[in-house]
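Enquirer: Input file: target-v9.txt. Contents: compact mmCIF, N, CA and C atoms.
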```
# COMPACT_ATOMS: atom_id res chain seq x y z
N MET A 23 139.31 174.34 27.84
CA MET A 23 139.25 174.15 29.29
C MET A 23 137.85 173.68 29.68
N ASN A 24 137.81 172.75 30.59
CA ASN A 24 136.52 172.26 31.06
C ASN A 24 136.04 173.08 32.26
N GLU A 25 134.89 172.72 32.74
CA GLU A 25 134.26 173.48 33.83
C GLU A 25 135.10 173.46 35.09
N LEU A 26 135.70 172.31 35.40
CA LEU A 26 136.53 172.21 36.59
C LEU A 26 137.75 173.13 36.49
N SER A 27 138.35 173.20 35.32
CA SER A 27 139.50 174.08 35.13
C SER A 27 139.12 175.53 35.39
N TRP A 28 137.96 175.95 34.90
CA TRP A 28 137.51 177.33 35.14
C TRP A 28 137.27 177.58 36.62
N MET A 29 136.68 176.60 37.31
CA MET A 29 136.44 176.76 38.74
C MET A 29 137.75 176.91 39.51
N LEU A 30 138.74 176.09 39.16
CA LEU A 30 140.03 176.19 39.83
C LEU A 30 140.71 177.52 39.53
N TYR A 31 140.55 178.00 38.32
CA TYR A 31 141.10 179.31 37.94
C TYR A 31 140.47 180.41 38.79
N PHE A 32 139.14 180.41 38.87
CA PHE A 32 138.46 181.45 39.65
C PHE A 32 138.75 181.31 41.14
N ALA A 33 139.00 180.08 41.60
CA ALA A 33 139.37 179.89 43.00
C ALA A 33 140.69 180.59 43.30
N ASP A 34 141.55 180.66 42.32
CA ASP A 34 142.83 181.32 42.51
C ASP A 34 142.73 182.84 42.35
N VAL A 35 141.83 183.30 41.49
CA VAL A 35 141.74 184.73 41.17
C VAL A 35 140.83 185.50 42.13
N LEU A 36 139.73 184.91 42.54
CA LEU A 36 138.73 185.65 43.31
C LEU A 36 139.23 186.22 44.64
N PRO A 37 140.06 185.51 45.40
CA PRO A 37 140.53 186.15 46.65
C PRO A 37 141.30 187.45 46.42
N SER A 38 142.08 187.51 45.36
CA SER A 38 142.80 188.77 45.11
C SER A 38 141.84 189.87 44.70
N ILE A 39 140.79 189.50 43.98
CA ILE A 39 139.77 190.49 43.64
C ILE A 39 139.06 190.97 44.90
N GLY A 40 138.81 190.03 45.82
CA GLY A 40 138.17 190.39 47.08
C GLY A 40 139.00 191.37 47.89
N VAL A 41 140.30 191.14 47.94
CA VAL A 41 141.19 192.06 48.66
C VAL A 41 141.16 193.44 48.00
N THR A 42 141.18 193.44 46.68
CA THR A 42 141.13 194.70 45.95
C THR A 42 139.84 195.45 46.26
N LEU A 43 138.73 194.73 46.22
CA LEU A 43 137.45 195.38 46.50
C LEU A 43 137.34 195.83 47.95
N PHE A 44 137.99 195.10 48.84
CA PHE A 44 137.93 195.46 50.25
C PHE A 44 138.70 196.76 50.51
N PHE A 45 139.82 196.94 49.82
CA PHE A 45 140.63 198.14 50.04
C PHE A 45 140.22 199.30 49.14
N THR A 46 139.34 199.05 48.20
CA THR A 46 138.86 200.11 47.33
C THR A 46 138.19 201.24 48.11
N PRO A 47 137.42 200.94 49.17
CA PRO A 47 136.84 202.06 49.94
C PRO A 47 137.88 203.03 50.49
N LEU A 48 139.07 202.53 50.80
CA LEU A 48 140.13 203.44 51.24
C LEU A 48 140.49 204.42 50.13
N ILE A 49 140.62 203.89 48.94
CA ILE A 49 140.92 204.75 47.79
C ILE A 49 139.76 205.71 47.55
N ILE A 50 138.55 205.19 47.69
CA ILE A 50 137.38 206.05 47.49
C ILE A 50 137.34 207.15 48.56
N GLY A 51 137.79 206.82 49.75
CA GLY A 51 137.86 207.84 50.80
C GLY A 51 138.78 208.98 50.40
N ILE A 52 139.87 208.62 49.77
CA ILE A 52 140.79 209.66 49.29
C ILE A 52 140.11 210.47 48.20
N VAL A 53 139.42 209.75 47.29
CA VAL A 53 138.68 210.45 46.22
C VAL A 53 137.61 211.34 46.82
N LEU A 54 136.97 210.88 47.88
CA LEU A 54 135.94 211.68 48.55
C LEU A 54 136.55 212.97 49.10
N SER A 55 137.73 212.86 49.65
CA SER A 55 138.40 214.07 50.17
C SER A 55 138.67 215.06 49.05
N VAL A 56 139.16 214.55 47.93
CA VAL A 56 139.43 215.42 46.78
C VAL A 56 138.12 215.98 46.25
N SER A 57 137.08 215.14 46.22
CA SER A 57 135.77 215.59 45.73
C SER A 57 135.20 216.68 46.62
N MET A 58 135.40 216.55 47.92
CA MET A 58 134.91 217.60 48.83
C MET A 58 135.61 218.91 48.52
N PHE A 59 136.90 218.82 48.29
CA PHE A 59 137.65 220.03 47.96
C PHE A 59 137.15 220.63 46.65
N GLY A 60 136.91 219.74 45.65
CA GLY A 60 136.40 220.21 44.36
C GLY A 60 135.01 220.79 44.47
N THR A 61 134.17 220.17 45.26
CA THR A 61 132.81 220.68 45.47
C THR A 61 132.85 222.03 46.16
N TYR A 62 133.76 222.16 47.08
CA TYR A 62 133.91 223.45 47.77
C TYR A 62 134.34 224.53 46.78
N LEU A 63 135.20 224.14 45.83
CA LEU A 63 135.64 225.10 44.82
C LEU A 63 134.56 225.40 43.80
N ASP A 64 133.58 224.47 43.64
CA ASP A 64 132.51 224.66 42.67
C ASP A 64 131.51 225.73 43.07
N GLY A 65 131.67 226.29 44.21
CA GLY A 65 130.77 227.37 44.59
C GLY A 65 130.03 227.11 45.88
N TYR A 66 130.20 225.93 46.45
CA TYR A 66 129.58 225.70 47.74
C TYR A 66 130.45 226.38 48.79
N THR A 67 129.96 227.48 49.31
CA THR A 67 130.75 228.22 50.28
C THR A 67 130.65 227.61 51.67
N ASP A 68 129.59 226.85 51.90
CA ASP A 68 129.42 226.20 53.19
C ASP A 68 130.15 224.86 53.15
N ALA A 69 131.11 224.68 54.02
CA ALA A 69 131.92 223.45 54.03
C ALA A 69 131.06 222.22 54.35
N ASN A 70 130.09 222.36 55.25
CA ASN A 70 129.23 221.22 55.59
C ASN A 70 128.40 220.77 54.40
N LYS A 71 127.91 221.71 53.63
CA LYS A 71 127.13 221.35 52.44
C LYS A 71 128.03 220.68 51.41
N ALA A 72 129.24 221.14 51.28
CA ALA A 72 130.19 220.52 50.34
C ALA A 72 130.47 219.08 50.75
N ILE A 73 130.61 218.84 52.03
CA ILE A 73 130.86 217.48 52.53
C ILE A 73 129.65 216.60 52.26
N ARG A 74 128.44 217.09 52.51
CA ARG A 74 127.23 216.31 52.26
C ARG A 74 127.08 215.95 50.79
N VAL A 75 127.31 216.91 49.91
CA VAL A 75 127.19 216.66 48.47
C VAL A 75 128.22 215.64 48.02
N ALA A 76 129.46 215.79 48.45
CA ALA A 76 130.51 214.85 48.06
C ALA A 76 130.24 213.46 48.62
N THR A 77 129.75 213.39 49.85
CA THR A 77 129.44 212.10 50.46
C THR A 77 128.32 211.40 49.70
N LYS A 78 127.30 212.14 49.30
CA LYS A 78 126.20 211.55 48.53
C LYS A 78 126.68 211.02 47.19
N ARG A 79 127.68 211.66 46.62
CA ARG A 79 128.20 211.22 45.32
C ARG A 79 128.98 209.91 45.45
N VAL A 80 129.71 209.75 46.52
CA VAL A 80 130.66 208.64 46.63
C VAL A 80 130.15 207.48 47.49
N SER A 81 129.25 207.73 48.41
CA SER A 81 128.80 206.70 49.35
C SER A 81 128.28 205.43 48.71
N PRO A 82 127.45 205.48 47.67
CA PRO A 82 126.98 204.21 47.09
C PRO A 82 128.13 203.32 46.60
N PHE A 83 129.13 203.92 46.00
CA PHE A 83 130.28 203.14 45.53
C PHE A 83 131.08 202.58 46.70
N LEU A 84 131.23 203.38 47.73
CA LEU A 84 131.95 202.96 48.92
C LEU A 84 131.31 201.72 49.52
N VAL A 85 130.02 201.76 49.71
CA VAL A 85 129.29 200.63 50.30
C VAL A 85 129.33 199.42 49.37
N MET A 86 129.12 199.62 48.08
CA MET A 86 129.09 198.52 47.13
C MET A 86 130.42 197.77 47.10
N PHE A 87 131.53 198.48 47.00
CA PHE A 87 132.83 197.82 46.94
C PHE A 87 133.16 197.13 48.25
N PHE A 88 132.82 197.75 49.36
CA PHE A 88 133.10 197.15 50.67
C PHE A 88 132.34 195.85 50.83
N VAL A 89 131.05 195.85 50.50
CA VAL A 89 130.22 194.64 50.63
C VAL A 89 130.71 193.56 49.66
N MET A 90 131.03 193.93 48.43
CA MET A 90 131.51 192.94 47.48
C MET A 90 132.83 192.33 47.96
N GLY A 91 133.67 193.13 48.55
CA GLY A 91 134.93 192.62 49.09
C GLY A 91 134.72 191.64 50.22
N LEU A 92 133.69 191.86 51.02
CA LEU A 92 133.40 190.95 52.12
C LEU A 92 132.74 189.66 51.66
N LEU A 93 131.96 189.70 50.58
CA LEU A 93 131.20 188.54 50.16
C LEU A 93 131.97 187.54 49.31
N ILE A 94 133.14 187.91 48.82
CA ILE A 94 133.92 186.96 48.03
C ILE A 94 134.54 185.96 48.99
N PRO A 95 134.28 184.67 48.77
CA PRO A 95 134.77 183.65 49.71
C PRO A 95 136.29 183.47 49.62
N SER A 96 136.82 182.82 50.64
CA SER A 96 138.26 182.55 50.65
C SER A 96 138.58 181.45 49.64
N GLN A 97 139.85 181.32 49.33
CA GLN A 97 140.28 180.32 48.37
C GLN A 97 139.95 178.91 48.88
N LYS A 98 140.10 178.68 50.16
CA LYS A 98 139.79 177.37 50.75
C LYS A 98 138.31 177.04 50.55
N THR A 99 137.43 178.01 50.77
CA THR A 99 135.99 177.78 50.60
C THR A 99 135.67 177.47 49.15
N ILE A 100 136.29 178.16 48.23
CA ILE A 100 136.04 177.92 46.81
C ILE A 100 136.47 176.50 46.44
N TYR A 101 137.63 176.07 46.94
CA TYR A 101 138.08 174.70 46.66
C TYR A 101 137.12 173.67 47.24
N MET A 102 136.56 173.95 48.41
CA MET A 102 135.59 173.02 49.00
C MET A 102 134.33 172.95 48.15
N ILE A 103 133.89 174.09 47.63
CA ILE A 103 132.72 174.11 46.75
C ILE A 103 132.98 173.31 45.49
N VAL A 104 134.16 173.51 44.89
CA VAL A 104 134.53 172.77 43.68
C VAL A 104 134.57 171.28 43.99
N GLY A 105 135.18 170.91 45.10
CA GLY A 105 135.24 169.49 45.48
C GLY A 105 133.88 168.87 45.69
N SER A 106 132.98 169.62 46.31
CA SER A 106 131.64 169.07 46.53
C SER A 106 130.88 168.91 45.22
N GLN A 107 131.09 169.84 44.29
CA GLN A 107 130.40 169.72 43.00
C GLN A 107 130.94 168.54 42.21
N VAL A 108 132.25 168.37 42.20
CA VAL A 108 132.85 167.25 41.47
C VAL A 108 132.41 165.93 42.09
N THR A 109 132.36 165.86 43.41
CA THR A 109 131.91 164.65 44.09
C THR A 109 130.45 164.35 43.75
N GLU A 110 129.63 165.37 43.76
CA GLU A 110 128.21 165.19 43.42
C GLU A 110 128.05 164.67 42.00
N GLU A 111 128.81 165.21 41.07
CA GLU A 111 128.73 164.74 39.68
C GLU A 111 129.24 163.31 39.56
N ALA A 112 130.29 162.98 40.31
CA ALA A 112 130.84 161.62 40.24
C ALA A 112 129.84 160.60 40.79
N ILE A 113 129.18 160.94 41.88
CA ILE A 113 128.21 160.01 42.48
C ILE A 113 126.97 159.89 41.60
N ALA A 114 126.60 160.97 40.94
CA ALA A 114 125.40 160.95 40.09
C ALA A 114 125.64 160.20 38.78
N SER A 115 126.90 159.95 38.42
CA SER A 115 127.17 159.24 37.17
C SER A 115 126.81 157.76 37.31
N GLU A 116 126.71 157.08 36.20
CA GLU A 116 126.35 155.65 36.21
C GLU A 116 127.41 154.84 36.96
N THR A 117 128.66 155.12 36.72
CA THR A 117 129.74 154.40 37.39
C THR A 117 129.70 154.66 38.89
N GLY A 118 129.46 155.89 39.26
CA GLY A 118 129.38 156.24 40.67
C GLY A 118 128.25 155.51 41.37
N LYS A 119 127.11 155.37 40.70
CA LYS A 119 125.98 154.64 41.29
C LYS A 119 126.33 153.17 41.48
N ARG A 120 127.02 152.60 40.49
CA ARG A 120 127.40 151.20 40.60
C ARG A 120 128.38 150.99 41.75
N VAL A 121 129.34 151.90 41.90
CA VAL A 121 130.30 151.79 42.99
C VAL A 121 129.59 151.92 44.33
N LEU A 122 128.66 152.86 44.42
CA LEU A 122 127.90 153.05 45.66
C LEU A 122 127.09 151.80 46.00
N ASP A 123 126.47 151.20 44.99
CA ASP A 123 125.71 149.95 45.22
C ASP A 123 126.63 148.84 45.70
N ALA A 124 127.80 148.71 45.09
CA ALA A 124 128.75 147.67 45.49
C ALA A 124 129.23 147.88 46.92
N VAL A 125 129.52 149.10 47.28
CA VAL A 125 129.96 149.41 48.64
C VAL A 125 128.84 149.10 49.63
N ASN A 126 127.62 149.48 49.28
CA ASN A 126 126.49 149.20 50.17
C ASN A 126 126.28 147.71 50.36
N ARG A 127 126.43 146.92 49.29
CA ARG A 127 126.28 145.46 49.40
C ARG A 127 127.36 144.89 50.33
N LYS A 128 128.60 145.35 50.18
CA LYS A 128 129.68 144.86 51.04
C LYS A 128 129.44 145.26 52.49
N LEU A 129 128.95 146.46 52.71
CA LEU A 129 128.65 146.88 54.08
C LEU A 129 127.53 146.04 54.67
N ASP A 130 126.51 145.74 53.86
CA ASP A 130 125.42 144.89 54.35
C ASP A 130 125.94 143.50 54.70
N GLU A 131 126.83 142.93 53.87
CA GLU A 131 127.41 141.62 54.16
C GLU A 131 128.22 141.67 55.46
N TYR A 132 128.99 142.72 55.63
CA TYR A 132 129.82 142.86 56.83
C TYR A 132 128.96 142.98 58.08
N ILE A 133 127.90 143.76 57.98
CA ILE A 133 127.01 143.96 59.13
C ILE A 133 126.27 142.68 59.48
N SER A 134 125.83 141.94 58.45
CA SER A 134 125.07 140.71 58.69
C SER A 134 125.93 139.61 59.32
N LYS A 135 127.26 139.62 59.14
CA LYS A 135 128.15 138.64 59.73
C LYS A 135 128.31 138.86 61.24
N GLU A 136 128.14 140.07 61.68
CA GLU A 136 128.33 140.37 63.10
C GLU A 136 127.15 140.05 63.91
```
Could you write out this file's structure as structure tokens?
Expert:
Amino acid sequence: MNELSWMLYFADVLPSIGVTLFFTPLIIGIVLSVSMFGTYLDGYTDANKAIRVATKRVSPFLVMFFVMGLLIPSQKTIYMIVGSQVTEEAIASETGKRVLDAVNRKLDEYISKE
């Protein structure tokens, strides 16, 4: 597989990963609830202290997954990025430069006739 094939593959896969990461905090919230109960059973007789300890354990993961879920671009954006990269590579190639020169010459001829 070439680089373009990998980009198209990731364009298809990343949005589903983003959705998963976005909803992971909900699952972590459930885990936090269970963790609070477990912390309470571990000997923390004060419920507020049990909540604070459990929150400190889970909060970094909660924030990390939520932010990662938000930062993954949509499939449309990924396709636009792939298209812009392919276009840039095509224009930077020798053939692309020759085509660009030919188009510019024709445009100059057209403009000079008017």
Enquirer: Rounded to one decimal in Å, what is the spacing between atom CA of A:Val121 and atom CA of A:Ser106?
Expert: 17.7 Å
Enquirer: With distances taken over only C-alpha atoms, which of A:Gln97, A:Ile103, A:Ser115, A:Asp123 is nearest to A:Asp34?
Expert: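 Nearest to A:Asp34: A:Gln97.
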Enquirer: Atom CA of A:Ala33 and atom N of A:Ile50, how far apart in Å?
Expert: 25.7 Å
Enquirer: Skipping near chain neighbours, those fewer than 6 positions away, what residues fall within 6.5 Å of A:Ile94 using only N, CA and C atoms, listed as a list in words?
Expert: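 Near A:Ile94, the qualifying residues are Leu36, Pro37 and Gly40 of chain A.
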Enquirer: Which residue gives the smallest distance to A:Ile49 among A:Lys128, A:Lys135, A:Val80, A:Leu92, with only C-alpha atoms counted?
Expert: A:Val80
Enquirer: So, counting only N, CA and C atoms, which residue among A:Tyr132, A:Thr77, A:Phe88, A:Ile100 is closest to A:Leu48?
Expert: A:Phe88
Enquirer: Between atom N of A:Ser96 and atom C of A:Ala114, what distance in Å does the model show, to one decimal?
Expert: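 So the answer is 27.9 Å.
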Enquirer: Which is closest to A:Phe45 among A:Gly91, A:Lys78, A:Glu131, A:Phe83, if we use all atoms listed in the file?
Expert: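 Nearest to A:Phe45: A:Gly91.
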Enquirer: My list of candidates is A:Met86, A:Met29, A:Val75, A:Val125. Which is closest to A:Pro47 when distances are computed with only N, CA and C atoms?
Expert: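 For A:Pro47, the nearest of the candidates is A:Met86.
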Enquirer: Give the answer as one residue: which of A:Ala112, A:Val89, A:Met102, A:Ala124 has the shortest atom-to-atom distance to A:Phe44, using only N, CA and C atoms?
Expert: A:Val89
